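Student: I'd like to ask you about the structure that follows.
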Amino acid sequence: MVPAWPRRFPEENQKRNSPEDTIRALGLMASYFSMASRHHSRDSTWAAIALAAKLCKGAGLHRDPARWNLPLVQRRRALFWEVYQSDISHSIALGRPPITPLSFVDCDYADEDLGSHQTICNLKYKYCRDAFVPIMDLLLSAYPTKRSYREVLELDAKIRRLQVPVPPSDNALETFYARQLLNAVLLTLHRSYMARAILNGNEAAAQDVDSSRPFDPFDSAQTPYASSVAAAYHAAEEISRSLHGFVVTDDELAGRVWFLTYHGFSAAVHSPPVRQDRPTPQLQ
């Protein structure tokens, strides 16, 4: 999450102690828990964001304010989606369901003419709504075994169509995050199926099936999940390369931001199990 809690919009008044201020304070608290405190776990961050999400619904932020002629339209929109995206990010990292189902949400995004920061934020929210939420429904539901692998590949194709050019920004962290959204999403979608492909290889080795032919997880003839291996490997490679460049630029900041270490560790875990001397694979 690139924290956007302190951002204020031109139309905002100076009213104090509003529900929006309380929600913003909880968001800042969650950001502190995740990036600046060694005394709080990821559960503390998730709990703070979950409370903020409940207060959002209590304040009606999940409904689009323009349709109800409410004031502070852009502020309410931006605040709701920042809370929603934060809840999804932490929920999927912990394997927990989201607080607010999208079927109850009709809030629009804040206007992008507010600047490049809002444009990048809206891109983050779109990936959250159109990529991470479907992934959670597909992989973290109570009955994931009823899903077919074809649905995974169809979702992959849908997610790839979300990719758009990232606008220039003076914030290096924000730009890095926006450029790695697609890779982070694809790695999240395919990593469990990559693990299944590796298990297929272990089973073949245990049964001594055609020992003269080494198991190749990229070969669709040897595992039905070869497409996921290719996608996860390529995403992990891109994340690792970009993260290395960012750490060289600002190692102190890179060590504090949780999503960098989370996705970096995930990429590192999913790169070694497959052959490193292969050319960059393409999704079939």
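Every chain in the structure tokens takes a letter, A first, then B, and so on in the order presented; its residues are numbered from 1, and the ligands are numbered from 1 following the presented order.
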Using only C-alpha atoms, which protein or nucleic acid residues come within 8 Å of stretch 153-168 of chain A? Drop anything in the same chain fewer than 5 positions from it, and give the result as a PyMOL selection string.
Tutor: chain A and resi 116+119-120+127+130-131+134+175+178-179+182+186+189
Student: Name the residues of stretch 29-272 of chain A that come out as helix (DSSP H, G or I) in a backbone DSSP run; write them as a VMD selection string.
Tutor: chain A and resid 29 to 35 42 to 58 65 to 68 73 to 94 102 to 104 112 to 114 116 to 139 144 to 146 149 to 160 172 to 179 181 to 206 226 to 249 251 to 254 258 to 270
Student: Write out as a tab-separated table the residues of stretch 151-199 of chain A that have any atom within 12 Å of an atom of stretch 83-105 of chain A, one row each with the nearest atom pair and its distance in Å to one decimal, counting only C-alpha atoms, sorted by chain and then rising number.
Tutor:
```
residue	atom	partner	partner_atom	distance
A:Leu181	CA	A:Ser89	CA	11.6
A:Ala184	CA	A:Ser89	CA	11.1
A:Val185	CA	A:Ser89	CA	10.7
A:Thr188	CA	A:Ile92	CA	9.0
A:Leu189	CA	A:Ile92	CA	10.9
```
Student: Set the distance at 12 Å and use only C-alpha atoms: which residues neighbour A:Ser192 once local chain neighbours fewer than 3 positions away are removed? I'd like the list as a PyMOL selection string.
Tutor: chain A and resi 135+138-140+144+149+152+186-189+195-199+225+228-229+231-232+266+269-270
Student: Give me, as a PDB file with C-alpha atoms, in the first residue's frame, all polymer residues having an atom no more than 9 Å from A:Leu260, counting only C-alpha atoms and skipping those fewer than 6 positions away in the same chain.
Tutor:
```
ATOM      1  CA  TYR A 177       4.545   0.142  -6.845  1.00  0.00           C
ATOM      2  CA  LEU A 243      13.177  -4.475  -6.296  1.00  0.00           C
ATOM      3  CA  ALA A 254      12.742  -0.362   0.995  1.00  0.00           C
TER       4      ALA A 254
END
```
Student: Quick one: pull the distance between atom CA of A:Arg38 and atom CA of A:Phe80, Å, one decimal.
Tutor: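 Those two atoms sit 27.6 Å apart.
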Student: Quick one: everything within 8 Å of A:Gly27, counting only C-alpha atoms, minus sequence neighbours fewer than 6 positions away in the same chain. Send it as a short mmCIF file (atom, residue, chain, number, x, y, z; two decimals) with C-alpha atoms, in the first residue's frame.
Tutor:
```cif
data_model
loop_
_atom_site.label_atom_id
_atom_site.label_comp_id
_atom_site.auth_asym_id
_atom_site.auth_seq_id
_atom_site.Cartn_x
_atom_site.Cartn_y
_atom_site.Cartn_z
CA TRP A 5 -4.14 9.10 4.18
CA ALA A 48 -7.02 -1.24 12.38
CA ILE A 49 -7.89 -1.32 8.68
CA ALA A 52 -11.67 1.75 9.39
CA VAL A 83 -9.44 2.00 2.96
#
```
